[in-house]
file work17.cif (mmCIF, C-alpha atoms and all ligand atoms)
data_input
#
loop_
_atom_site.label_atom_id
_atom_site.label_comp_id
_atom_site.auth_asym_id
_atom_site.auth_seq_id
_atom_site.Cartn_x
_atom_site.Cartn_y
_atom_site.Cartn_z
CA MET A 1 0.00 0.00 0.00
CA ALA A 2 1.08 3.57 -0.52
CA THR A 3 2.26 5.67 2.41
CA VAL A 4 1.59 9.04 4.00
CA TYR A 5 4.81 10.94 4.64
CA ALA A 6 4.94 13.88 7.02
CA VAL A 7 7.96 15.77 5.83
CA GLY A 8 9.62 18.49 7.89
CA VAL A 9 11.09 20.93 5.38
CA GLY A 10 13.05 23.07 7.82
CA PRO A 11 12.60 26.79 8.41
CA GLY A 12 12.52 28.02 4.81
CA ASP A 13 15.99 27.47 3.36
CA PRO A 14 16.02 24.62 0.77
CA GLU A 15 19.57 23.78 1.87
CA LEU A 16 18.23 22.93 5.33
CA LEU A 17 16.16 20.03 4.03
CA THR A 18 17.43 16.58 4.93
CA ARG A 19 18.50 14.26 2.12
CA LYS A 20 15.68 11.92 3.12
CA ALA A 21 13.11 14.72 2.85
CA GLU A 22 14.41 15.64 -0.61
CA ARG A 23 14.27 12.00 -1.81
CA ILE A 24 10.71 11.51 -0.56
CA LEU A 25 9.53 14.79 -2.04
CA ARG A 26 11.01 13.93 -5.42
CA GLN A 27 9.36 10.47 -5.37
CA ALA A 28 5.91 11.29 -3.91
CA ASP A 29 2.89 11.26 -6.21
CA VAL A 30 1.03 13.94 -4.26
CA ILE A 31 2.29 16.89 -2.21
CA LEU A 32 -0.08 18.52 0.28
CA ALA A 33 0.95 21.96 1.50
CA PRO A 34 -0.87 23.69 4.36
CA VAL A 35 -1.73 27.40 4.28
CA SER A 36 -3.55 29.49 6.84
CA ASN A 37 -4.38 32.34 4.47
CA PRO A 38 -5.44 31.34 0.95
CA HIS A 39 -4.10 34.65 -0.39
CA GLU A 40 -0.57 33.98 0.87
CA ALA A 41 2.00 31.56 -0.51
CA SER A 42 2.74 28.38 1.45
CA VAL A 43 6.20 28.83 3.01
CA ALA A 44 6.65 25.06 3.09
CA LEU A 45 5.77 24.74 -0.59
CA GLU A 46 8.05 27.60 -1.67
CA THR A 47 10.87 25.97 0.30
CA VAL A 48 10.65 22.70 -1.63
CA ARG A 49 9.43 23.95 -5.01
CA GLU A 50 12.79 23.25 -6.70
CA PHE A 51 12.55 19.53 -5.82
CA LEU A 52 9.05 19.04 -7.30
CA ASP A 53 7.84 18.17 -10.76
CA ALA A 54 4.55 19.97 -11.31
CA GLY A 55 4.02 18.00 -14.55
CA ARG A 56 4.06 14.63 -12.77
CA GLN A 57 3.08 15.36 -9.18
CA GLU A 58 -0.27 16.55 -7.90
CA ILE A 59 0.28 19.59 -5.68
CA ILE A 60 -2.58 20.43 -3.34
CA ILE A 61 -2.73 23.57 -1.22
CA HIS A 62 -5.08 23.01 1.71
CA GLN A 63 -6.30 25.79 3.99
CA PHE A 64 -6.20 25.31 7.74
CA PRO A 65 -7.77 28.38 9.37
CA MET A 66 -5.58 30.28 11.86
CA THR A 67 -7.96 30.06 14.81
CA SER A 68 -8.35 28.22 18.09
CA ASP A 69 -12.02 27.61 17.30
CA ARG A 70 -12.23 23.82 17.09
CA SER A 71 -15.57 23.97 15.24
CA LYS A 72 -13.62 25.44 12.30
CA LEU A 73 -10.38 23.48 12.78
CA VAL A 74 -11.76 19.94 13.15
CA PRO A 75 -13.56 19.95 9.76
CA ALA A 76 -10.39 21.28 8.06
CA TRP A 77 -8.29 18.49 9.66
CA GLN A 78 -10.86 15.84 8.75
CA GLU A 79 -11.17 17.12 5.21
CA ALA A 80 -7.39 17.02 4.78
CA ALA A 81 -7.17 13.52 6.26
CA ALA A 82 -9.92 12.24 3.94
CA LEU A 83 -8.28 13.87 0.95
CA ILE A 84 -4.94 12.24 1.78
CA ALA A 85 -6.50 8.85 2.65
CA GLY A 86 -8.40 8.74 -0.67
CA ARG A 87 -5.18 9.12 -2.62
CA VAL A 88 -3.20 6.68 -0.50
CA LEU A 89 -5.93 4.03 -0.81
CA ALA A 90 -5.73 4.55 -4.59
CA GLY A 91 -2.04 3.60 -4.40
CA ARG A 92 -0.43 7.06 -4.44
CA ASP A 93 2.21 8.19 -1.95
CA VAL A 94 1.29 11.50 -0.33
CA ALA A 95 3.78 13.90 1.30
CA PHE A 96 2.32 16.38 3.78
CA ILE A 97 4.91 19.13 4.07
CA THR A 98 5.36 21.24 7.15
CA ILE A 99 7.78 24.00 8.14
CA GLY A 100 10.38 23.02 10.69
CA ASP A 101 9.62 19.68 12.29
CA PRO A 102 6.28 17.85 11.88
CA LEU A 103 5.98 16.96 15.58
CA LEU A 104 6.69 20.42 16.96
CA TYR A 105 3.53 22.57 17.01
CA SER A 106 2.54 21.40 13.55
CA THR A 107 -0.91 20.82 12.08
CA PHE A 108 0.35 17.37 11.20
CA ILE A 109 -0.03 16.31 14.85
CA TYR A 110 -3.82 16.63 14.56
CA LEU A 111 -3.85 14.70 11.29
CA LEU A 112 -1.74 11.97 12.87
CA ARG A 113 -4.39 11.50 15.55
CA ILE A 114 -7.17 11.29 12.93
CA PHE A 115 -5.16 8.77 10.91
CA ARG A 116 -4.55 6.57 13.94
CA GLU A 117 -8.25 6.62 14.85
CA SER A 118 -9.97 6.58 11.46
CA TYR A 119 -7.46 5.06 9.02
CA PRO A 120 -5.39 2.70 11.19
CA LEU A 121 -4.30 0.55 8.23
CA ILE A 122 -2.61 3.42 6.40
CA GLY A 123 1.15 3.54 7.00
CA ILE A 124 2.64 6.83 8.13
CA GLU A 125 6.28 7.80 8.02
CA ILE A 126 7.48 10.95 9.72
CA VAL A 127 10.59 12.68 8.43
CA PRO A 128 12.00 15.06 11.03
CA GLY A 129 12.93 18.57 9.99
CA ILE A 130 15.30 21.21 11.31
CA SER A 131 13.14 23.41 13.50
CA SER A 132 13.03 27.19 13.47
CA ILE A 133 14.43 27.03 17.00
CA ASN A 134 17.60 25.17 16.08
CA THR A 135 18.10 27.37 13.04
CA SER A 136 17.62 30.58 15.03
CA ALA A 137 20.11 29.47 17.68
CA ALA A 138 22.59 28.55 14.95
CA VAL A 139 22.39 31.80 12.98
CA ALA A 140 22.80 33.82 16.18
CA GLY A 141 25.44 31.53 17.71
CA VAL A 142 23.38 31.29 20.90
CA PRO A 143 23.52 28.04 22.91
CA LEU A 144 20.08 26.65 23.66
CA ALA A 145 21.22 24.72 26.72
CA GLU A 146 24.43 23.42 28.22
CA ALA A 147 25.43 21.25 31.17
CA ASP A 148 22.45 20.88 33.53
CA GLU A 149 20.47 23.85 32.22
CA ARG A 150 16.78 23.54 31.50
CA ILE A 151 14.94 24.89 28.47
CA ALA A 152 11.26 25.69 27.95
CA ILE A 153 9.48 26.14 24.63
CA ILE A 154 6.24 28.10 24.95
CA PRO A 155 3.84 29.43 22.34
CA ALA A 156 3.23 32.94 23.68
CA THR A 157 -0.41 32.41 22.78
CA ALA A 158 -0.55 30.15 25.88
CA GLY A 159 -0.78 33.42 27.81
CA MET A 160 1.49 35.86 29.63
CA GLU A 161 1.16 34.06 32.94
CA ARG A 162 2.87 30.98 31.51
CA VAL A 163 5.45 33.08 29.70
CA ILE A 164 6.40 34.91 32.90
CA GLU A 165 6.46 31.70 34.91
CA ALA A 166 8.81 30.10 32.35
CA LEU A 167 11.08 33.16 32.33
CA ALA A 168 11.34 32.95 36.11
CA THR A 169 12.02 29.20 36.09
CA TYR A 170 14.08 28.10 33.08
CA ASP A 171 17.62 28.93 31.95
CA THR A 172 16.49 29.31 28.35
CA VAL A 173 13.00 30.20 27.20
CA VAL A 174 12.00 29.96 23.55
CA LEU A 175 8.86 31.90 22.73
CA LEU A 176 7.02 30.95 19.54
CA LYS A 177 3.95 32.69 18.08
CA ILE A 178 4.98 36.00 19.62
CA LYS A 179 3.11 38.26 17.22
CA PRO A 180 -0.21 38.71 19.09
CA LEU A 181 1.43 39.39 22.49
CA PHE A 182 4.58 41.17 21.38
CA GLY A 183 3.94 44.35 23.42
CA GLU A 184 3.16 42.40 26.60
CA ILE A 185 6.24 40.20 26.15
CA LEU A 186 8.49 43.24 25.78
CA GLU A 187 6.99 44.79 28.91
CA ALA A 188 7.54 41.56 30.89
CA LEU A 189 11.15 41.35 29.70
CA ARG A 190 11.72 44.96 30.79
CA GLN A 191 10.18 44.35 34.19
CA MET A 192 12.25 41.19 34.70
CA GLY A 193 15.46 42.91 33.61
CA ARG A 194 16.01 40.55 30.67
CA GLU A 195 16.64 43.18 27.99
CA ARG A 196 20.26 42.15 27.49
CA SER A 197 19.58 38.44 27.15
CA THR A 198 16.91 38.50 24.47
CA LEU A 199 17.26 37.37 20.86
CA PHE A 200 14.59 38.16 18.25
CA VAL A 201 14.52 36.19 15.00
CA GLU A 202 12.13 36.60 12.09
CA ARG A 203 11.86 34.48 8.94
CA VAL A 204 15.03 32.59 9.73
CA GLY A 205 16.47 30.75 6.75
CA SER A 206 14.81 33.02 4.20
CA PRO A 207 16.06 36.07 2.33
CA ARG A 208 13.90 38.17 4.71
CA GLN A 209 15.69 36.82 7.80
CA LYS A 210 16.18 39.25 10.73
CA VAL A 211 18.36 38.43 13.74
CA ILE A 212 18.36 41.13 16.44
CA THR A 213 19.88 41.21 19.92
CA ASP A 214 19.68 44.94 20.64
CA PHE A 215 16.59 45.38 22.82
CA THR A 216 15.79 48.89 21.62
CA GLU A 217 15.88 47.66 18.06
CA ILE A 218 13.70 44.68 19.00
CA THR A 219 11.09 47.06 20.41
CA LEU A 220 10.91 48.79 17.03
CA GLN A 221 9.86 45.61 15.23
CA THR A 222 6.39 44.65 14.08
CA PRO A 223 6.87 40.90 14.03
CA ASP A 224 5.14 38.71 11.51
CA TYR A 225 3.83 35.21 12.26
CA LEU A 226 7.20 33.59 11.50
CA SER A 227 9.14 35.14 14.36
CA LEU A 228 10.36 33.93 17.72
CA MET A 229 12.41 34.96 20.72
CA ILE A 230 15.10 33.13 22.67
CA ILE A 231 15.73 34.46 26.16
CA ARG A 232 18.84 33.21 27.94
CA ARG A 233 19.80 33.61 31.55
CA PRO A 234 21.70 35.64 32.54
CA CYS A 235 22.85 37.10 29.20
CA LEU A 236 23.65 36.02 25.64
CA SER A 237 27.39 36.50 25.63
C1 LIG B 301 3.08 26.42 14.44
S1 LIG B 301 4.73 26.80 14.97
C2 LIG B 301 5.63 25.75 13.89
C3 LIG B 301 6.99 25.35 14.41
C4 LIG B 301 7.71 24.47 13.41
N1 LIG B 301 7.07 23.18 13.30
C5 LIG B 301 9.19 24.29 13.76
O1 LIG B 301 9.62 23.13 13.96
O2 LIG B 301 9.94 25.27 13.76
C6 LIG B 301 4.92 28.36 14.23
C7 LIG B 301 5.88 29.22 14.98
O3 LIG B 301 7.20 28.75 14.77
C8 LIG B 301 8.10 29.84 14.65
N2 LIG B 301 8.70 29.82 13.30
C9 LIG B 301 8.44 28.94 12.32
N3 LIG B 301 9.22 29.20 11.25
C10 LIG B 301 9.98 30.26 11.57
C11 LIG B 301 10.99 30.99 10.89
N4 LIG B 301 11.35 30.69 9.64
N5 LIG B 301 11.60 32.03 11.54
C12 LIG B 301 11.25 32.34 12.82
N6 LIG B 301 10.29 31.69 13.51
C13 LIG B 301 9.67 30.67 12.90
C14 LIG B 301 7.28 31.12 14.88
O4 LIG B 301 7.31 31.44 16.26
C15 LIG B 301 5.89 30.67 14.49
O5 LIG B 301 4.90 31.46 15.11
#
call {"tool": "encode", "arguments": {"input": "work17.cif", "output": "structure tokens"}}
result
Amino acid sequence: MATVYAVGVGPGDPELLTRKAERILRQADVILAPVSNPHEASVALETVREFLDAGRQEIIIHQFPMTSDRSKLVPAWQEAAALIAGRVLAGRDVAFITIGDPLLYSTFIYLLRIFRESYPLIGIEIVPGISSINTSAAVAGVPLAEADERIAIIPATAGMERVIEALATYDTVVLLKIKPLFGEILEALRQMGRERSTLFVERVGSPRQKVITDFTEITLQTPDYLSLMIIRRPCLS
């Protein structure tokens, strides 16, 4: 039987794809790329475009709404799972592509659950990808953790209380999805005296990449969805 592949394509730089990801993407019959806004390009798809053959492969762009409203999300997940399952049961390998790693805050996690429950006979292979976190640390030369340090990864959308608690507890805090709470995060960092240990990264691995450690400059940013912060204790250097 054909297989569903969840392929992590890294943060946006085609050179940061694994060789396995490239091989599977070249061989797959169908590529499914998620988008949250139908009017914007899929970052994952643009990252792998050079490895695809639009003449031979079916390329599907599927919209997953950017919302926490499960009444809108669940139908989008189920629709995507049915669309993939239909093709796999017809003997075609499907690659679901996702930025970074497929098991780190990716829509694929929800699809995986649906597949295990509703299509248990379909084989799934997960190809790990280089996450935006690893890439951001690498471009800035900032260690994520050493020796017995502890690290927390928090989507800022979990709320400021959890962000502040993590900042007070962990040696390194990685904040994802910072856009909606950017002002509050900056204020918390000021109040906790963490201005000099904050790294801001936007669109890492793309031509629009920004890497900023100067706090005043960070405060002047209007981050887009693909941005994160790494806060080290006690300071970056
Ligand atoms: C739904 S999570 C996906 C994480 C992804 N699976 C990974 O492994 O990196 C989306 C968040 O990851 C971060 N992110 C993803 N790609 C990024 C990039 N190229 N540059 C900076 N941050 C990025 C942002 O914080 C964004 O809000």
call {"tool": "residues_around", "arguments": {"input": "work17.cif", "residues": "Arg49 (chain A)", "least_positions_apart": "6", "cutoff": "10 Å", "atoms": "all atoms listed in the file", "output": "number ranges by chain"}}
result
A: 14, 25, 43
call {"tool": "write_last_selection", "arguments": {"input": "work17.cif", "atoms": "C-alpha atoms", "output": "CSV table (one decimal), keeping the file's coordinate frame"}}
result
chain,number,residue,atom,x,y,z
A,14,PRO,CA,16.0,24.6,0.8
A,25,LEU,CA,9.5,14.8,-2.0
A,43,VAL,CA,6.2,28.8,3.0
call {"tool": "closest_residue", "arguments": {"input": "work17.cif", "among": "A:Thr198, A:Ser132, A:Ser42, A:Ser118", "to": "Thr216 (chain A)", "atoms": "all atoms listed in the file"}}
result
A:Thr198
call {"tool": "closest_residue", "arguments": {"input": "work17.cif", "among": "A:Val127, A:Ile218, A:Leu104, A:Ile84", "to": "ligand LIG 301 (chain B)", "atoms": "only C-alpha atoms and all ligand atoms"}}
result
A:Leu104
call {"tool": "residues_near_ligand", "arguments": {"input": "work17.cif", "ligand": "ligand LIG 301 (chain B)", "cutoff": "6 Å", "atoms": "all atoms listed in the file", "output": "PyMOL selection string"}}
result
chain A and resi 11-12+99-102+104-106+131-133+176-177+201-205+225-228
call {"tool": "residues_near_point", "arguments": {"input": "work17.cif", "point": "(6.9, 18.2, 3.1)", "cutoff": "10 Å", "atoms": "only C-alpha atoms", "output": "ChimeraX atom specification"}}
result
/A:5-10,17,21-22,24-25,28,31-34,44-45,47-48,94-102,126-129
call {"tool": "write_last_selection", "arguments": {"input": "work17.cif", "atoms": "C-alpha atoms", "output": "CSV table (one decimal), in the coordinates of the input"}}
result
chain,number,residue,atom,x,y,z
A,5,TYR,CA,4.8,10.9,4.6
A,6,ALA,CA,4.9,13.9,7.0
A,7,VAL,CA,8.0,15.8,5.8
A,8,GLY,CA,9.6,18.5,7.9
A,9,VAL,CA,11.1,20.9,5.4
A,10,GLY,CA,13.0,23.1,7.8
A,17,LEU,CA,16.2,20.0,4.0
A,21,ALA,CA,13.1,14.7,2.8
A,22,GLU,CA,14.4,15.6,-0.6
A,24,ILE,CA,10.7,11.5,-0.6
A,25,LEU,CA,9.5,14.8,-2.0
A,28,ALA,CA,5.9,11.3,-3.9
A,31,ILE,CA,2.3,16.9,-2.2
A,32,LEU,CA,-0.1,18.5,0.3
A,33,ALA,CA,1.0,22.0,1.5
A,34,PRO,CA,-0.9,23.7,4.4
A,44,ALA,CA,6.6,25.1,3.1
A,45,LEU,CA,5.8,24.7,-0.6
A,47,THR,CA,10.9,26.0,0.3
A,48,VAL,CA,10.6,22.7,-1.6
A,94,VAL,CA,1.3,11.5,-0.3
A,95,ALA,CA,3.8,13.9,1.3
A,96,PHE,CA,2.3,16.4,3.8
A,97,ILE,CA,4.9,19.1,4.1
A,98,THR,CA,5.4,21.2,7.2
A,99,ILE,CA,7.8,24.0,8.1
A,100,GLY,CA,10.4,23.0,10.7
A,101,ASP,CA,9.6,19.7,12.3
A,102,PRO,CA,6.3,17.8,11.9
A,126,ILE,CA,7.5,11.0,9.7
A,127,VAL,CA,10.6,12.7,8.4
A,128,PRO,CA,12.0,15.1,11.0
A,129,GLY,CA,12.9,18.6,10.0
call {"tool": "residues_around", "arguments": {"input": "work17.cif", "residues": "Asp148 (chain A)", "least_positions_apart": "5", "cutoff": "12 Å", "atoms": "all atoms listed in the file", "output": "tab-separated table (two decimals) with C-alpha atoms, keeping the file's coordinate frame"}}
result
chain	number	residue	atom	x	y	z
A	170	TYR	CA	14.08	28.10	33.08
A	171	ASP	CA	17.62	28.93	31.95
A	172	THR	CA	16.49	29.31	28.35
call {"tool": "residues_near_point", "arguments": {"input": "work17.cif", "point": "(-3.3, 31.0, 12.0)", "cutoff": "8 Å", "atoms": "all atoms listed in the file", "output": "PyMOL selection string"}}
result
chain A and resi 36-37+64-67
call {"tool": "closest_residue", "arguments": {"input": "work17.cif", "among": "A:Leu103, A:Ala54, A:Met160, A:Met1", "to": "Ile130 (chain A)", "atoms": "all atoms listed in the file"}}
result
A:Leu103
call {"tool": "closest_residue", "arguments": {"input": "work17.cif", "among": "A:Ile124, A:Leu52, A:Ile114, A:Ile178", "to": "Ala80 (chain A)", "atoms": "only C-alpha atoms"}}
result
A:Ile114
call {"tool": "atom_distance", "arguments": {"input": "work17.cif", "atom1": "CA of Val88 (chain A)", "atom2": "CA of Val74 (chain A)"}}
result
20.9 Å
call {"tool": "residues_around", "arguments": {"input": "work17.cif", "residues": "Ala145 (chain A)", "least_positions_apart": "4", "cutoff": "10 Å", "atoms": "all atoms listed in the file", "output": "ChimeraX atom specification"}}
result
/A:149-151,171-173,232
call {"tool": "atom_distance", "arguments": {"input": "work17.cif", "atom1": "CA of Arg208 (chain A)", "atom2": "CA of Asn134 (chain A)"}}
result
17.7 Å
call {"tool": "closest_residue", "arguments": {"input": "work17.cif", "among": "A:Ile109, A:Leu73, A:Ala2, A:Ala156", "to": "Asp29 (chain A)", "atoms": "all atoms listed in the file"}}
result
A:Ala2
call {"tool": "residues_around", "arguments": {"input": "work17.cif", "residues": "Met192 (chain A)", "least_positions_apart": "2", "cutoff": "9 Å", "atoms": "all atoms listed in the file", "output": "JSON, numbers by chain"}}
result
{"A": [164, 167, 168, 187, 188, 189, 190, 194, 195]}
call {"tool": "closest_residue", "arguments": {"input": "work17.cif", "among": "A:Val35, A:Ile154, A:Val139, A:Val4", "to": "Leu83 (chain A)", "atoms": "all atoms listed in the file"}}
result
A:Val4
call {"tool": "atom_distance", "arguments": {"input": "work17.cif", "atom1": "CA of Arg233 (chain A)", "atom2": "CA of Pro180 (chain A)"}}
result
24.1 Å
